[in-house]
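Have a look at my_file.txt; it's compact mmCIF, C-alpha atoms:
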```txt
# COMPACT_ATOMS: atom_id res chain seq x y z
CA MET Z 1 13.67 1.48 16.54
CA GLY Z 2 11.10 3.79 15.01
CA ALA Z 3 8.43 3.02 12.48
CA ARG Z 4 9.04 1.02 9.36
CA VAL Z 5 8.32 3.19 6.30
CA ILE Z 6 6.68 1.18 3.52
CA THR Z 7 5.89 2.72 0.15
CA ILE Z 8 3.07 1.11 -1.83
CA THR Z 9 3.34 1.69 -5.56
CA SER Z 10 2.49 0.29 -8.98
CA GLY Z 11 3.82 0.56 -12.50
CA LYS Z 12 0.47 1.67 -13.86
CA GLY Z 13 -2.76 3.11 -12.55
CA GLY Z 14 -5.92 1.12 -12.01
CA VAL Z 15 -4.42 -1.96 -10.38
CA GLY Z 16 -5.83 -1.20 -6.92
CA LYS Z 17 -2.82 0.44 -5.27
CA THR Z 18 -4.78 2.98 -3.20
CA THR Z 19 -7.45 0.50 -2.12
CA SER Z 20 -4.65 -1.89 -1.17
CA THR Z 21 -3.02 0.83 0.94
CA ALA Z 22 -6.28 1.55 2.76
CA ASN Z 23 -7.12 -2.10 3.38
CA LEU Z 24 -3.62 -2.96 4.55
CA ALA Z 25 -3.63 0.05 6.88
CA VAL Z 26 -6.88 -1.07 8.49
CA ALA Z 27 -5.61 -4.65 8.81
CA LEU Z 28 -2.39 -3.53 10.53
CA ALA Z 29 -4.31 -1.24 12.87
CA GLN Z 30 -6.73 -4.05 13.72
CA LEU Z 31 -3.68 -6.11 14.68
CA GLY Z 32 -2.80 -3.45 17.24
CA LYS Z 33 -0.20 -1.44 15.33
CA ARG Z 34 -0.02 2.35 15.27
CA VAL Z 35 -0.40 3.16 11.58
CA VAL Z 36 -0.26 6.39 9.61
CA CYS Z 37 -1.02 6.59 5.88
CA VAL Z 38 0.68 9.32 3.87
CA ASP Z 39 -0.96 10.20 0.56
CA ALA Z 40 1.91 11.23 -1.71
CA ASP Z 41 -0.23 11.68 -4.81
CA ILE Z 42 -0.24 15.48 -4.69
CA GLY Z 43 -2.89 17.05 -6.92
CA LEU Z 44 -4.78 13.79 -7.38
CA ARG Z 45 -5.52 12.62 -3.85
CA ASN Z 46 -7.90 9.68 -3.46
CA LEU Z 47 -6.80 7.89 -0.31
CA ASP Z 48 -8.93 10.17 1.86
CA VAL Z 49 -12.05 9.19 -0.10
CA VAL Z 50 -11.30 5.47 0.01
CA MET Z 51 -10.76 5.74 3.77
CA GLY Z 52 -13.90 7.85 4.24
CA LEU Z 53 -12.03 10.77 5.80
CA GLU Z 54 -12.36 13.44 3.11
CA ASN Z 55 -14.82 15.58 5.07
CA ARG Z 56 -12.49 15.91 8.05
CA ILE Z 57 -9.45 17.32 6.25
CA VAL Z 58 -8.30 20.78 7.37
CA TYR Z 59 -4.60 20.75 6.47
CA ASP Z 60 -2.53 18.57 4.14
CA LEU Z 61 0.99 17.37 3.44
CA VAL Z 62 1.98 20.53 1.54
CA ASP Z 63 0.71 22.71 4.39
CA VAL Z 64 3.08 20.85 6.72
CA VAL Z 65 6.06 21.10 4.35
CA GLU Z 66 5.48 24.80 3.73
CA GLY Z 67 5.03 25.55 7.44
CA ARG Z 68 1.37 26.59 7.52
CA CYS Z 69 0.63 24.03 10.23
CA GLY Z 70 2.31 21.47 12.44
CA LEU Z 71 2.39 17.80 11.52
CA ARG Z 72 -0.04 16.80 14.26
CA GLN Z 73 -2.55 19.42 13.05
CA ALA Z 74 -2.65 17.85 9.60
CA LEU Z 75 -3.14 14.26 10.77
CA VAL Z 76 -6.69 12.93 10.54
CA ARG Z 77 -7.61 10.17 12.98
CA ASP Z 78 -9.93 7.41 11.83
CA LYS Z 79 -12.43 7.23 14.69
CA ARG Z 80 -13.56 3.76 13.61
CA VAL Z 81 -10.11 2.20 13.93
CA PRO Z 82 -7.96 2.95 16.98
CA GLN Z 83 -4.41 4.01 16.13
CA LEU Z 84 -5.05 4.67 12.41
CA TYR Z 85 -4.26 8.11 10.97
CA LEU Z 86 -4.10 9.78 7.57
CA LEU Z 87 -1.86 12.57 6.31
CA PRO Z 88 -3.72 13.71 3.17
CA ALA Z 89 -2.21 15.02 -0.04
CA SER Z 90 -2.95 18.48 -1.38
CA GLN Z 91 -5.45 18.88 -4.19
CA THR Z 92 -4.34 22.39 -5.13
CA HIS Z 93 -0.61 21.93 -5.73
CA ASP Z 94 1.44 19.93 -8.19
CA LYS Z 95 3.93 17.22 -7.26
CA THR Z 96 6.91 19.59 -7.35
CA ALA Z 97 5.58 21.35 -4.23
CA VAL Z 98 7.29 18.60 -2.22
CA SER Z 99 10.85 17.31 -2.63
CA PRO Z 100 12.29 13.88 -1.80
CA GLN Z 101 14.16 15.46 1.12
CA ASP Z 102 10.89 16.96 2.40
CA MET Z 103 9.43 13.44 2.47
CA VAL Z 104 12.44 12.08 4.34
CA THR Z 105 12.17 14.86 6.94
CA LEU Z 106 8.43 14.33 7.29
CA THR Z 107 8.58 10.58 7.72
CA ASN Z 108 11.45 10.86 10.18
CA GLN Z 109 9.11 12.92 12.36
CA LEU Z 110 6.46 10.20 12.07
CA ARG Z 111 8.78 7.31 12.88
CA ALA Z 112 8.86 8.13 16.59
CA ASP Z 113 5.09 7.91 17.10
CA TYR Z 114 4.02 5.04 14.85
CA ASP Z 115 4.83 1.41 14.17
CA VAL Z 116 4.14 1.58 10.44
CA VAL Z 117 4.12 4.48 7.96
CA LEU Z 118 2.41 3.53 4.70
CA ILE Z 119 3.05 5.87 1.77
CA ASP Z 120 0.55 5.73 -1.07
CA SER Z 121 2.69 6.54 -4.10
CA PRO Z 122 1.49 7.88 -7.44
CA ALA Z 123 1.68 5.23 -10.17
CA GLY Z 124 4.60 5.31 -12.58
CA ILE Z 125 8.15 6.63 -12.14
CA GLU Z 126 7.74 10.38 -12.28
CA TRP Z 127 8.43 13.03 -9.61
CA GLY Z 128 5.72 11.87 -7.23
CA PHE Z 129 7.12 8.37 -7.19
CA ARG Z 130 10.59 9.73 -6.41
CA ASN Z 131 9.09 11.57 -3.44
CA ALA Z 132 7.40 8.43 -2.17
CA LEU Z 133 10.49 6.27 -2.66
CA ALA Z 134 12.97 8.60 -0.91
CA PRO Z 135 12.11 7.67 2.72
CA ALA Z 136 11.15 4.03 2.11
CA ASP Z 137 12.67 1.12 4.00
CA GLU Z 138 10.60 -1.23 1.89
CA VAL Z 139 8.44 -1.06 -1.21
CA ILE Z 140 5.34 -3.11 -1.96
CA VAL Z 141 4.54 -3.22 -5.67
CA VAL Z 142 0.89 -3.90 -6.46
CA THR Z 143 0.10 -5.52 -9.77
CA ASN Z 144 -2.70 -7.40 -11.48
CA PRO Z 145 -1.83 -10.75 -13.11
CA GLU Z 146 -2.07 -9.19 -16.56
CA ILE Z 147 0.81 -8.67 -19.00
CA PRO Z 148 0.69 -4.82 -19.22
CA ALA Z 149 0.49 -4.44 -15.43
CA VAL Z 150 3.29 -6.95 -14.80
CA ARG Z 151 5.49 -5.37 -17.47
CA ASP Z 152 5.10 -1.95 -15.83
CA ALA Z 153 5.66 -3.46 -12.38
CA ASP Z 154 8.91 -4.97 -13.65
CA ARG Z 155 10.00 -1.56 -14.89
CA ILE Z 156 9.36 0.08 -11.53
CA ILE Z 157 11.17 -2.72 -9.66
CA GLY Z 158 14.17 -2.06 -11.89
CA VAL Z 159 14.12 1.61 -10.89
CA ILE Z 160 13.97 0.69 -7.19
CA GLU Z 161 16.79 -1.83 -7.49
CA ALA Z 162 18.95 0.81 -9.20
CA GLU Z 163 18.83 2.97 -6.07
CA GLU Z 164 22.13 3.43 -4.28
CA ARG Z 165 20.67 2.12 -1.02
CA SER Z 166 19.17 -1.26 -0.24
CA ILE Z 167 15.36 -1.28 -0.31
CA ALA Z 168 13.42 -4.50 0.25
CA VAL Z 169 10.89 -5.08 -2.54
CA SER Z 170 7.89 -7.40 -2.48
CA VAL Z 171 4.81 -7.81 -4.64
CA VAL Z 172 1.09 -8.13 -3.98
CA ILE Z 173 -0.89 -9.71 -6.79
CA ASN Z 174 -4.26 -8.00 -6.71
CA ARG Z 175 -7.59 -8.83 -8.34
CA ALA Z 176 -6.64 -12.43 -9.11
CA LYS Z 177 -9.38 -14.42 -10.86
CA PRO Z 178 -8.80 -18.17 -10.35
CA ASP Z 179 -11.07 -19.32 -13.19
CA MET Z 180 -9.34 -17.05 -15.71
CA ILE Z 181 -5.92 -18.16 -14.47
CA ARG Z 182 -6.89 -21.83 -14.84
CA ARG Z 183 -8.13 -21.18 -18.39
CA GLY Z 184 -4.91 -19.41 -19.27
CA GLU Z 185 -6.71 -16.08 -19.77
CA MET Z 186 -4.77 -14.42 -16.96
CA MET Z 187 -1.14 -14.87 -15.91
CA SER Z 188 -0.49 -17.51 -13.27
CA VAL Z 189 1.20 -16.61 -10.02
CA ALA Z 190 4.28 -18.54 -11.12
CA ASP Z 191 4.40 -16.56 -14.38
CA VAL Z 192 4.19 -13.24 -12.51
CA LEU Z 193 6.95 -14.22 -10.10
CA GLU Z 194 9.17 -15.46 -12.92
CA VAL Z 195 9.02 -12.03 -14.52
CA LEU Z 196 9.32 -9.92 -11.36
CA ALA Z 197 11.74 -12.09 -9.36
CA VAL Z 198 10.84 -10.54 -5.99
CA THR Z 199 9.20 -11.84 -2.84
CA LEU Z 200 5.50 -12.62 -3.05
CA LEU Z 201 3.78 -10.94 -0.10
CA GLY Z 202 0.22 -11.99 -0.88
CA ILE Z 203 -2.53 -12.67 -3.40
CA VAL Z 204 -5.81 -10.76 -3.23
CA PRO Z 205 -8.82 -12.18 -5.10
CA GLU Z 206 -11.12 -10.14 -7.33
CA ASP Z 207 -14.21 -8.90 -5.49
CA ARG Z 208 -16.56 -6.21 -6.76
CA ARG Z 209 -17.39 -5.26 -3.18
CA VAL Z 210 -13.94 -3.65 -2.86
CA THR Z 211 -15.07 -0.85 -5.18
CA THR Z 212 -18.43 -0.51 -3.45
CA ALA Z 213 -16.79 -0.36 -0.03
CA SER Z 214 -14.27 2.23 -1.24
CA ASN Z 215 -17.03 4.38 -2.72
CA ASN Z 216 -18.78 4.21 0.65
CA GLY Z 217 -15.62 5.32 2.48
CA ALA Z 218 -15.12 2.05 4.32
CA PRO Z 219 -12.33 -0.29 3.14
CA LEU Z 220 -13.58 -3.87 2.89
CA THR Z 221 -11.32 -4.92 5.77
CA LEU Z 222 -13.49 -2.59 7.85
CA ALA Z 223 -16.86 -3.18 6.15
CA ASP Z 224 -16.65 -6.99 6.09
CA ARG Z 225 -13.80 -8.55 8.03
CA HIS Z 226 -14.80 -12.06 6.91
CA ALA Z 227 -14.64 -11.42 3.16
CA PRO Z 228 -11.88 -13.32 1.29
CA VAL Z 229 -10.29 -9.98 0.35
CA SER Z 230 -10.22 -8.92 4.00
CA ARG Z 231 -8.66 -12.21 5.05
CA ALA Z 232 -6.04 -11.79 2.32
CA PHE Z 233 -5.05 -8.34 3.60
CA VAL Z 234 -4.94 -9.51 7.21
CA GLU Z 235 -2.58 -12.31 6.16
CA ILE Z 236 -0.43 -9.79 4.26
CA ALA Z 237 -0.33 -7.62 7.37
CA ARG Z 238 0.67 -10.58 9.52
CA ARG Z 239 3.46 -11.50 7.09
CA LEU Z 240 4.73 -7.93 7.32
CA LEU Z 241 4.79 -8.35 11.07
CA GLY Z 242 7.06 -11.37 10.75
CA GLU Z 243 4.62 -14.30 10.83
CA GLU Z 244 5.29 -17.30 8.58
CA ILE Z 245 1.98 -17.72 6.79
CA PRO Z 246 1.89 -19.82 3.62
CA ILE Z 247 0.22 -18.35 0.54
CA ARG Z 248 -2.43 -20.37 -1.24
CA ASP Z 249 -2.27 -20.32 -5.03
CA PRO Z 250 -5.82 -19.26 -6.00
CA ALA Z 251 -5.76 -21.40 -9.15
CA GLY Z 252 -3.71 -24.26 -7.75
CA GLU Z 253 -6.44 -26.37 -6.17
CA GLY Z 254 -4.87 -26.27 -2.73
CA VAL Z 255 -1.29 -25.69 -3.81
CA TRP Z 256 0.67 -23.60 -1.31
CA LEU Z 257 3.32 -21.14 -2.40
CA ARG Z 258 6.50 -20.90 -0.39
CA MET Z 259 7.67 -17.50 0.78
CA ALA Z 260 10.97 -16.59 -0.88
CA ARG Z 261 12.27 -15.04 2.30
CA ARG Z 262 11.00 -13.97 5.67
CA LEU Z 263 9.75 -10.40 5.82
CA GLY Z 264 10.64 -8.96 9.22
CA LEU Z 265 8.52 -6.15 10.55
CA GLY Z 266 7.86 -7.80 13.89
CA ARG Z 267 8.31 -5.85 17.06
```
Go ahead and express the file in the form of structure tokens.
Amino acid sequence: MGARVITITSGKGGVGKTTSTANLAVALAQLGKRVVCVDADIGLRNLDVVMGLENRIVYDLVDVVEGRCGLRQALVRDKRVPQLYLLPASQTHDKTAVSPQDMVTLTNQLRADYDVVLIDSPAGIEWGFRNALAPADEVIVVTNPEIPAVRDADRIIGVIEAEERSIAVSVVINRAKPDMIRRGEMMSVADVLEVLAVTLLGIVPEDRRVTTASNNGAPLTLADRHAPVSRAFVEIARRLLGEEIPIRDPAGEGVWLRMARRLGLGR
């Protein structure tokens, strides 16, 4: 079997979708998987900056689709992490330069050479999201435990579930603040799951160093492997690979959350 294609998306911007993609990619690669990130946010690419690869880009996704270069020519290898690659988005085209079928064709080419293809989707449900969703075997929805973010995440899950094919959907709760959750100033994990009704893949705590690391072009999973955020992403990666790892409720004083179902990406 070829690579598993996983689209990472969110209902709204600003919830940490792109930083989550970068950190999860590093974690999977550190676990020995061959990983390629595809930035599907054409015209507004940021994944290259977060990964620290912006200065090494020669070709991009649109160049591949329009035949100006081969797929291998456009891939940028992360020299710091063996087996991690990036296919950057174009900054000079709009989202209509690529069709959903183009994305299916592209990712089918990647499946043979990688274990995991992570697609960083634009936020929302417009054309760019449709491109990112088309080849997906699975979708990870990133949300913050805040009412507007969860409401928009619920909307995007509804769109995914309306697809004519079966796509596994899970959620990562990002930037969780235990003290605020305990005080009732932020939604609890149980409240989020009650609204979204999908598998919880992981909970990532708030940490200002995530932004600093991203600005420095080194995802925190690379910059500080022992940080709580890094450990959270490594556990998410291991769950994707089929391991049964319980999830600790950050505001539950040691309460463990049960996985709703096993997520099988093991090989």
Closest-contact table, range 117-235 of chain Z side, partner range 18-41 of chain Z, 12 Å, counting only C-alpha atoms, as a tab-separated table:
```
residue	atom	partner	partner_atom	distance
Z:Val117	CA	Z:Val36	CA	5.1
Z:Leu118	CA	Z:Cys37	CA	4.7
Z:Ile119	CA	Z:Val38	CA	4.7
Z:Asp120	CA	Z:Asp39	CA	5.0
Z:Ser121	CA	Z:Ala40	CA	5.3
Z:Pro122	CA	Z:Asp41	CA	4.9
Z:Ala123	CA	Z:Asp41	CA	8.6
Z:Gly124	CA	Z:Asp41	CA	11.1
Z:Glu126	CA	Z:Asp41	CA	11.0
Z:Trp127	CA	Z:Asp41	CA	10.0
Z:Gly128	CA	Z:Asp41	CA	6.4
Z:Phe129	CA	Z:Ala40	CA	8.1
Z:Arg130	CA	Z:Ala40	CA	10.0
Z:Asn131	CA	Z:Ala40	CA	7.4
Z:Ala132	CA	Z:Ala40	CA	6.2
Z:Leu133	CA	Z:Ala40	CA	10.0
Z:Ala134	CA	Z:Ala40	CA	11.4
Z:Pro135	CA	Z:Val38	CA	11.6
Z:Ala136	CA	Z:Val38	CA	11.9
Z:Val139	CA	Z:Thr21	CA	11.8
Z:Ile140	CA	Z:Thr21	CA	9.7
Z:Val141	CA	Z:Ser20	CA	10.3
Z:Val142	CA	Z:Ser20	CA	7.9
Z:Thr143	CA	Z:Ser20	CA	10.5
Z:Asn144	CA	Z:Ser20	CA	11.9
Z:Val171	CA	Z:Ser20	CA	11.7
Z:Val172	CA	Z:Ser20	CA	8.9
Z:Ile173	CA	Z:Ser20	CA	10.3
Z:Asn174	CA	Z:Ser20	CA	8.3
Z:Arg175	CA	Z:Ser20	CA	10.4
Z:Leu201	CA	Z:Leu24	CA	11.8
Z:Gly202	CA	Z:Leu24	CA	11.2
Z:Ile203	CA	Z:Ser20	CA	11.2
Z:Val204	CA	Z:Ser20	CA	9.2
Z:Pro205	CA	Z:Ser20	CA	11.8
Z:Arg209	CA	Z:Thr19	CA	11.5
Z:Val210	CA	Z:Thr19	CA	7.7
Z:Thr211	CA	Z:Thr19	CA	8.3
Z:Thr212	CA	Z:Thr19	CA	11.1
Z:Ala213	CA	Z:Thr19	CA	9.6
Z:Ser214	CA	Z:Thr19	CA	7.1
Z:Asn215	CA	Z:Thr19	CA	10.4
Z:Gly217	CA	Z:Ala22	CA	10.1
Z:Ala218	CA	Z:Ala22	CA	9.0
Z:Pro219	CA	Z:Asn23	CA	5.5
Z:Leu220	CA	Z:Asn23	CA	6.7
Z:Thr221	CA	Z:Asn23	CA	5.6
Z:Leu222	CA	Z:Val26	CA	6.8
Z:Ala223	CA	Z:Asn23	CA	10.2
Z:Asp224	CA	Z:Asn23	CA	11.0
Z:Arg225	CA	Z:Ala27	CA	9.1
Z:His226	CA	Z:Ala27	CA	12.0
Z:Ala227	CA	Z:Asn23	CA	12.0
Z:Val229	CA	Z:Asn23	CA	9.0
Z:Ser230	CA	Z:Asn23	CA	7.5
Z:Arg231	CA	Z:Ala27	CA	9.0
Z:Ala232	CA	Z:Leu24	CA	9.4
Z:Phe233	CA	Z:Leu24	CA	5.6
Z:Val234	CA	Z:Ala27	CA	5.2
Z:Glu235	CA	Z:Ala27	CA	8.7
```
Output C-alpha atoms of each residue in that selection to a file, as a PDB file, in the frame of the given file.
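And here's again_20.pdb as it stands now:
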```pdb
ATOM      1  CA  VAL Z 117       4.120   4.480   7.960  1.00  0.00           C
ATOM      2  CA  LEU Z 118       2.410   3.530   4.700  1.00  0.00           C
ATOM      3  CA  ILE Z 119       3.050   5.870   1.770  1.00  0.00           C
ATOM      4  CA  ASP Z 120       0.550   5.730  -1.070  1.00  0.00           C
ATOM      5  CA  SER Z 121       2.690   6.540  -4.100  1.00  0.00           C
ATOM      6  CA  PRO Z 122       1.490   7.880  -7.440  1.00  0.00           C
ATOM      7  CA  ALA Z 123       1.680   5.230 -10.170  1.00  0.00           C
ATOM      8  CA  GLY Z 124       4.600   5.310 -12.580  1.00  0.00           C
ATOM      9  CA  GLU Z 126       7.740  10.380 -12.280  1.00  0.00           C
ATOM     10  CA  TRP Z 127       8.430  13.030  -9.610  1.00  0.00           C
ATOM     11  CA  GLY Z 128       5.720  11.870  -7.230  1.00  0.00           C
ATOM     12  CA  PHE Z 129       7.120   8.370  -7.190  1.00  0.00           C
ATOM     13  CA  ARG Z 130      10.590   9.730  -6.410  1.00  0.00           C
ATOM     14  CA  ASN Z 131       9.090  11.570  -3.440  1.00  0.00           C
ATOM     15  CA  ALA Z 132       7.400   8.430  -2.170  1.00  0.00           C
ATOM     16  CA  LEU Z 133      10.490   6.270  -2.660  1.00  0.00           C
ATOM     17  CA  ALA Z 134      12.970   8.600  -0.910  1.00  0.00           C
ATOM     18  CA  PRO Z 135      12.110   7.670   2.720  1.00  0.00           C
ATOM     19  CA  ALA Z 136      11.150   4.030   2.110  1.00  0.00           C
ATOM     20  CA  VAL Z 139       8.440  -1.060  -1.210  1.00  0.00           C
ATOM     21  CA  ILE Z 140       5.340  -3.110  -1.960  1.00  0.00           C
ATOM     22  CA  VAL Z 141       4.540  -3.220  -5.670  1.00  0.00           C
ATOM     23  CA  VAL Z 142       0.890  -3.900  -6.460  1.00  0.00           C
ATOM     24  CA  THR Z 143       0.100  -5.520  -9.770  1.00  0.00           C
ATOM     25  CA  ASN Z 144      -2.700  -7.400 -11.480  1.00  0.00           C
ATOM     26  CA  VAL Z 171       4.810  -7.810  -4.640  1.00  0.00           C
ATOM     27  CA  VAL Z 172       1.090  -8.130  -3.980  1.00  0.00           C
ATOM     28  CA  ILE Z 173      -0.890  -9.710  -6.790  1.00  0.00           C
ATOM     29  CA  ASN Z 174      -4.260  -8.000  -6.710  1.00  0.00           C
ATOM     30  CA  ARG Z 175      -7.590  -8.830  -8.340  1.00  0.00           C
ATOM     31  CA  LEU Z 201       3.780 -10.940  -0.100  1.00  0.00           C
ATOM     32  CA  GLY Z 202       0.220 -11.990  -0.880  1.00  0.00           C
ATOM     33  CA  ILE Z 203      -2.530 -12.670  -3.400  1.00  0.00           C
ATOM     34  CA  VAL Z 204      -5.810 -10.760  -3.230  1.00  0.00           C
ATOM     35  CA  PRO Z 205      -8.820 -12.180  -5.100  1.00  0.00           C
ATOM     36  CA  ARG Z 209     -17.390  -5.260  -3.180  1.00  0.00           C
ATOM     37  CA  VAL Z 210     -13.940  -3.650  -2.860  1.00  0.00           C
ATOM     38  CA  THR Z 211     -15.070  -0.850  -5.180  1.00  0.00           C
ATOM     39  CA  THR Z 212     -18.430  -0.510  -3.450  1.00  0.00           C
ATOM     40  CA  ALA Z 213     -16.790  -0.360  -0.030  1.00  0.00           C
ATOM     41  CA  SER Z 214     -14.270   2.230  -1.240  1.00  0.00           C
ATOM     42  CA  ASN Z 215     -17.030   4.380  -2.720  1.00  0.00           C
ATOM     43  CA  GLY Z 217     -15.620   5.320   2.480  1.00  0.00           C
ATOM     44  CA  ALA Z 218     -15.120   2.050   4.320  1.00  0.00           C
ATOM     45  CA  PRO Z 219     -12.330  -0.290   3.140  1.00  0.00           C
ATOM     46  CA  LEU Z 220     -13.580  -3.870   2.890  1.00  0.00           C
ATOM     47  CA  THR Z 221     -11.320  -4.920   5.770  1.00  0.00           C
ATOM     48  CA  LEU Z 222     -13.490  -2.590   7.850  1.00  0.00           C
ATOM     49  CA  ALA Z 223     -16.860  -3.180   6.150  1.00  0.00           C
ATOM     50  CA  ASP Z 224     -16.650  -6.990   6.090  1.00  0.00           C
ATOM     51  CA  ARG Z 225     -13.800  -8.550   8.030  1.00  0.00           C
ATOM     52  CA  HIS Z 226     -14.800 -12.060   6.910  1.00  0.00           C
ATOM     53  CA  ALA Z 227     -14.640 -11.420   3.160  1.00  0.00           C
ATOM     54  CA  VAL Z 229     -10.290  -9.980   0.350  1.00  0.00           C
ATOM     55  CA  SER Z 230     -10.220  -8.920   4.000  1.00  0.00           C
ATOM     56  CA  ARG Z 231      -8.660 -12.210   5.050  1.00  0.00           C
ATOM     57  CA  ALA Z 232      -6.040 -11.790   2.320  1.00  0.00           C
ATOM     58  CA  PHE Z 233      -5.050  -8.340   3.600  1.00  0.00           C
ATOM     59  CA  VAL Z 234      -4.940  -9.510   7.210  1.00  0.00           C
ATOM     60  CA  GLU Z 235      -2.580 -12.310   6.160  1.00  0.00           C
TER      61      GLU Z 235
END
```
Would you pick out the contacts of Pro148 in chain Z at 10 Å or less, using only C-alpha atoms, so that residues sharing its chain but fewer than 6 positions from it are not included, and give the list as a PDB file with C-alpha atoms, in the frame of the given file?
```pdb
ATOM      1  CA  GLY Z  11       3.820   0.560 -12.500  1.00  0.00           C
ATOM      2  CA  LYS Z  12       0.470   1.670 -13.860  1.00  0.00           C
ATOM      3  CA  ASP Z 154       8.910  -4.970 -13.650  1.00  0.00           C
TER       4      ASP Z 154
END
```
Point to revise | Pick from Z:Thr107, Z:Pro88, Z:Gly70, Z:Gly252 nearest to Val49 in chain Z, counting all atoms listed in the file | key: Z:Pro88
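Note that the spacing between CA of Asp249 in chain Z and CA of Val189 in chain Z amounts to 7.1 Å.
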